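**Student:** File structure-v2.cif follows (mmCIF, N, CA and C atoms):
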```cif
data_start
loop_
_atom_site.label_atom_id
_atom_site.label_comp_id
_atom_site.auth_asym_id
_atom_site.auth_seq_id
_atom_site.Cartn_x
_atom_site.Cartn_y
_atom_site.Cartn_z
N MET E 170 -7.24 4.78 -15.99
CA MET E 170 -6.75 3.60 -16.66
C MET E 170 -6.86 3.82 -18.16
N GLN E 171 -5.81 3.48 -18.83
CA GLN E 171 -5.73 3.68 -20.27
C GLN E 171 -5.64 2.31 -20.94
N GLN E 172 -6.43 2.08 -21.98
CA GLN E 172 -6.37 0.84 -22.74
C GLN E 172 -5.85 1.12 -24.14
N VAL E 173 -4.90 0.32 -24.57
CA VAL E 173 -4.27 0.51 -25.87
C VAL E 173 -4.11 -0.84 -26.54
N ASP E 174 -4.40 -0.89 -27.83
CA ASP E 174 -4.18 -2.12 -28.60
C ASP E 174 -2.69 -2.35 -28.75
N ILE E 175 -2.28 -3.59 -28.86
CA ILE E 175 -0.86 -3.93 -28.90
C ILE E 175 -0.13 -3.31 -30.09
N THR E 176 -0.80 -3.17 -31.22
CA THR E 176 -0.14 -2.55 -32.37
C THR E 176 0.12 -1.07 -32.12
N GLU E 177 -0.82 -0.39 -31.44
CA GLU E 177 -0.60 1.01 -31.07
C GLU E 177 0.47 1.12 -30.00
N ALA E 178 0.49 0.16 -29.09
CA ALA E 178 1.45 0.19 -27.99
C ALA E 178 2.88 0.11 -28.50
N GLN E 179 3.10 -0.64 -29.56
CA GLN E 179 4.44 -0.75 -30.12
C GLN E 179 4.93 0.60 -30.63
N VAL E 180 4.03 1.40 -31.15
CA VAL E 180 4.39 2.71 -31.68
C VAL E 180 4.57 3.72 -30.55
N GLN E 181 3.73 3.63 -29.52
CA GLN E 181 3.70 4.63 -28.44
C GLN E 181 4.36 4.16 -27.16
N ILE E 182 5.25 3.21 -27.21
CA ILE E 182 5.78 2.61 -25.97
C ILE E 182 6.39 3.65 -25.03
N SER E 183 7.08 4.65 -25.55
CA SER E 183 7.70 5.67 -24.69
C SER E 183 6.65 6.45 -23.91
N GLN E 184 5.59 6.85 -24.58
CA GLN E 184 4.53 7.60 -23.92
C GLN E 184 3.80 6.73 -22.89
N LEU E 185 3.60 5.46 -23.23
CA LEU E 185 2.91 4.56 -22.30
C LEU E 185 3.75 4.31 -21.05
N LEU E 186 5.05 4.19 -21.23
CA LEU E 186 5.93 4.01 -20.07
C LEU E 186 5.92 5.26 -19.18
N GLN E 187 5.91 6.42 -19.79
CA GLN E 187 5.85 7.66 -19.01
C GLN E 187 4.53 7.74 -18.23
N SER E 188 3.44 7.34 -18.84
CA SER E 188 2.15 7.33 -18.15
C SER E 188 2.19 6.39 -16.95
N ALA E 189 2.77 5.21 -17.15
CA ALA E 189 2.87 4.24 -16.06
C ALA E 189 3.75 4.77 -14.94
N LEU E 190 4.82 5.47 -15.29
CA LEU E 190 5.71 6.03 -14.26
C LEU E 190 5.04 7.13 -13.45
N LYS E 191 4.04 7.76 -14.02
CA LYS E 191 3.28 8.80 -13.30
C LYS E 191 2.19 8.20 -12.42
N GLY E 192 2.05 6.87 -12.44
CA GLY E 192 1.08 6.21 -11.58
C GLY E 192 -0.18 5.74 -12.28
N GLU E 193 -0.29 5.97 -13.57
CA GLU E 193 -1.48 5.56 -14.31
C GLU E 193 -1.33 4.11 -14.75
N GLU E 194 -2.43 3.35 -14.67
CA GLU E 194 -2.42 1.98 -15.17
C GLU E 194 -2.61 2.00 -16.67
N VAL E 195 -1.83 1.21 -17.37
CA VAL E 195 -1.96 1.09 -18.83
C VAL E 195 -2.22 -0.37 -19.14
N ILE E 196 -3.35 -0.64 -19.76
CA ILE E 196 -3.72 -2.00 -20.15
C ILE E 196 -3.48 -2.15 -21.65
N ILE E 197 -2.73 -3.17 -22.02
CA ILE E 197 -2.47 -3.45 -23.43
C ILE E 197 -3.35 -4.62 -23.83
N THR E 198 -4.06 -4.45 -24.93
CA THR E 198 -5.03 -5.46 -25.36
C THR E 198 -4.67 -6.04 -26.71
N ARG E 199 -5.21 -7.22 -26.97
CA ARG E 199 -5.13 -7.85 -28.30
C ARG E 199 -6.53 -8.39 -28.57
N ASP E 200 -7.12 -8.00 -29.66
CA ASP E 200 -8.49 -8.39 -30.01
C ASP E 200 -9.46 -8.05 -28.88
N ASN E 201 -9.29 -6.86 -28.32
CA ASN E 201 -10.14 -6.34 -27.23
C ASN E 201 -10.07 -7.17 -25.95
N GLN E 202 -9.06 -8.01 -25.80
CA GLN E 202 -8.85 -8.79 -24.58
C GLN E 202 -7.58 -8.29 -23.90
N PRO E 203 -7.62 -7.98 -22.61
CA PRO E 203 -6.42 -7.50 -21.93
C PRO E 203 -5.35 -8.60 -21.86
N ILE E 204 -4.12 -8.23 -22.21
CA ILE E 204 -3.03 -9.21 -22.15
C ILE E 204 -1.88 -8.75 -21.26
N LEU E 205 -1.73 -7.43 -21.08
CA LEU E 205 -0.65 -6.89 -20.25
C LEU E 205 -1.14 -5.70 -19.45
N LYS E 206 -0.53 -5.51 -18.29
CA LYS E 206 -0.83 -4.31 -17.50
C LYS E 206 0.51 -3.66 -17.14
N LEU E 207 0.65 -2.39 -17.49
CA LEU E 207 1.84 -1.63 -17.11
C LEU E 207 1.49 -0.80 -15.88
N ILE E 208 2.24 -1.01 -14.81
CA ILE E 208 2.08 -0.21 -13.60
C ILE E 208 3.44 0.10 -13.04
N GLN E 209 3.51 1.15 -12.25
CA GLN E 209 4.78 1.50 -11.62
C GLN E 209 5.02 0.54 -10.47
N PHE E 210 6.22 0.02 -10.40
CA PHE E 210 6.59 -0.90 -9.33
C PHE E 210 6.88 -0.10 -8.08
N GLY E 211 6.18 -0.39 -7.00
CA GLY E 211 6.36 0.36 -5.75
C GLY E 211 7.62 -0.05 -5.02
N SER E 212 8.13 0.85 -4.23
CA SER E 212 9.31 0.53 -3.44
C SER E 212 8.91 -0.36 -2.27
N PRO E 213 9.76 -1.28 -1.86
CA PRO E 213 9.42 -2.17 -0.75
C PRO E 213 9.28 -1.39 0.55
N ALA E 214 8.41 -1.86 1.40
CA ALA E 214 8.18 -1.20 2.69
C ALA E 214 9.42 -1.35 3.57
N LYS E 215 9.67 -0.34 4.38
CA LYS E 215 10.80 -0.41 5.29
C LYS E 215 10.56 -1.49 6.34
N ARG E 216 11.61 -2.16 6.73
CA ARG E 216 11.50 -3.14 7.80
C ARG E 216 11.46 -2.42 9.14
N ARG E 217 10.65 -2.96 10.03
CA ARG E 217 10.57 -2.37 11.36
C ARG E 217 11.81 -2.70 12.15
N GLN E 218 12.21 -1.77 13.00
CA GLN E 218 13.36 -1.99 13.87
C GLN E 218 12.92 -2.07 15.31
N ARG E 219 13.50 -3.02 16.03
CA ARG E 219 13.18 -3.14 17.45
C ARG E 219 13.65 -1.91 18.19
N GLY E 220 12.82 -1.44 19.10
CA GLY E 220 13.21 -0.33 19.96
C GLY E 220 13.03 1.03 19.33
N SER E 221 12.41 1.11 18.16
CA SER E 221 12.28 2.40 17.49
C SER E 221 11.31 3.34 18.21
N ALA E 222 10.42 2.80 19.05
CA ALA E 222 9.46 3.63 19.79
C ALA E 222 9.86 3.80 21.26
N LYS E 223 11.09 3.45 21.58
CA LYS E 223 11.55 3.53 22.96
C LYS E 223 11.42 4.96 23.48
N GLY E 224 10.79 5.09 24.66
CA GLY E 224 10.62 6.40 25.26
C GLY E 224 9.38 7.14 24.79
N GLN E 225 8.67 6.60 23.83
CA GLN E 225 7.49 7.26 23.30
C GLN E 225 6.19 6.72 23.90
N ILE E 226 6.27 5.57 24.56
CA ILE E 226 5.08 4.95 25.13
C ILE E 226 5.23 4.93 26.64
N GLN E 227 4.20 5.44 27.33
CA GLN E 227 4.25 5.47 28.78
C GLN E 227 2.98 4.86 29.34
N MET E 228 3.12 4.19 30.48
CA MET E 228 1.96 3.61 31.15
C MET E 228 1.71 4.38 32.43
N ALA E 229 0.45 4.55 32.76
CA ALA E 229 0.08 5.24 33.98
C ALA E 229 0.55 4.43 35.19
N PRO E 230 0.93 5.10 36.27
CA PRO E 230 1.41 4.36 37.44
C PRO E 230 0.35 3.43 38.04
N ASP E 231 -0.92 3.75 37.84
CA ASP E 231 -1.98 2.91 38.40
C ASP E 231 -2.57 1.94 37.36
N PHE E 232 -1.81 1.60 36.37
CA PHE E 232 -2.28 0.75 35.29
C PHE E 232 -2.81 -0.60 35.80
N ASP E 233 -2.12 -1.21 36.75
CA ASP E 233 -2.49 -2.53 37.25
C ASP E 233 -3.51 -2.49 38.38
N GLU E 234 -3.89 -1.34 38.84
CA GLU E 234 -4.85 -1.22 39.95
C GLU E 234 -6.24 -1.64 39.47
N PRO E 235 -7.02 -2.27 40.35
CA PRO E 235 -8.39 -2.65 39.96
C PRO E 235 -9.25 -1.41 39.72
N LEU E 236 -10.15 -1.52 38.78
CA LEU E 236 -11.05 -0.42 38.46
C LEU E 236 -12.21 -0.38 39.45
N GLU E 237 -12.62 0.81 39.83
CA GLU E 237 -13.72 0.97 40.78
C GLU E 237 -15.02 0.40 40.22
N ASP E 238 -15.24 0.53 38.93
CA ASP E 238 -16.48 0.06 38.33
C ASP E 238 -16.64 -1.46 38.44
N PHE E 239 -15.56 -2.21 38.56
CA PHE E 239 -15.61 -3.66 38.60
C PHE E 239 -15.38 -4.24 39.99
N ARG E 240 -15.32 -3.40 40.98
CA ARG E 240 -15.03 -3.84 42.34
C ARG E 240 -16.04 -4.91 42.80
N GLU E 241 -17.34 -4.71 42.53
CA GLU E 241 -18.34 -5.67 42.98
C GLU E 241 -18.18 -7.04 42.31
N TYR E 242 -17.64 -7.11 41.11
CA TYR E 242 -17.44 -8.38 40.42
C TYR E 242 -16.21 -9.10 40.95
N MET E 243 -15.31 -8.39 41.58
CA MET E 243 -14.06 -9.00 42.07
C MET E 243 -14.21 -9.53 43.48
N GLU E 244 -15.30 -9.26 44.16
CA GLU E 244 -15.48 -9.72 45.54
C GLU E 244 -16.04 -11.10 45.60
#
```
The structure in this file should be written as structure tokens.
**Tutor:**
Amino acid sequence: MQQVDITEAQVQISQLLQSALKGEEVIITRDNQPILKLIQFGSPAKRRQRGSAKGQIQMAPDFDEPLEDFREYME
């Protein structure tokens, strides 16, 4: 994270923008108080599509069968 006073930021704006584009946070201050934060805007997450995992998930044929360990509780 880089902190820069606003008067310096006006002179170095190109370099500060390049730093932000590389993923670094740049905080711009006035009188040692943070007033702005430059960060790279992330791309929006892809929307999920129905059926995209079709054929990738399989269930065992005995999935619904009672488990032997619980037989005594089911009687």
**Student:** Quick one, how far is atom C of Gln181 (chain E) from atom C of Ser212 (chain E)?
**Tutor:**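 Between atom C of Gln181 (chain E) and atom C of Ser212 (chain E) the gap works out to 25.7 Å.
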**Student:** Take every atom of region 187-190 of chain E listed in the file, fit an axis-aligned box around them, add 4 Å per side, and give the centre and edge lengths in Å to one decimal as lines of an AutoDock Vina configuration file.
**Tutor:**
```
center_x = 4.0
center_y = 6.0
center_z = -16.6
size_x = 11.8
size_y = 11.5
size_z = 14.3
```
**Student:** With distances taken over only N, CA and C atoms, which residue among E:Glu244, E:Asp238, E:Asp231, E:Asp174 lies nearest Asn201 (chain E)?
**Tutor:**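 Under the stated criterion, the closest residue is E:Asp174.
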**Student:** Tell me which of E:Leu207, E:Met228, E:Glu241, E:Arg199 sits closest to Leu186 (chain E), counting all atoms listed in the file.
**Tutor:**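 Answer, going by the shortest atom-to-atom distance: E:Leu207.
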**Student:** Find the residue from E:Ile208, E:Asp200, E:Thr176, E:Pro213 that sits nearest to Ser188 (chain E); use only C-alpha atoms when measuring.
**Tutor:**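 Of E:Ile208, E:Asp200, E:Thr176, E:Pro213, the one nearest Ser188 (chain E) is E:Ile208, counting only C-alpha atoms.
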**Student:** Quote the spacing between CA of Glu194 (chain E) and CA of Ala214 (chain E) in Å to one decimal place.
**Tutor:**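 Taking CA of Glu194 (chain E) and CA of Ala214 (chain E), their separation equals 21.0 Å.
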**Student:** Closest to Gln209 (chain E) among E:Ala189, E:Gln227, E:Ser221, E:Gln184, using all atoms listed in the file?
**Tutor:**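 Nearest to Gln209 (chain E): E:Ala189.
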**Student:** Expressed in Å to a single decimal, how great is the separation between CA of Phe232 (chain E) and atom C of Arg219 (chain E)?
**Tutor:**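 Distance between the two atoms: 23.5 Å.
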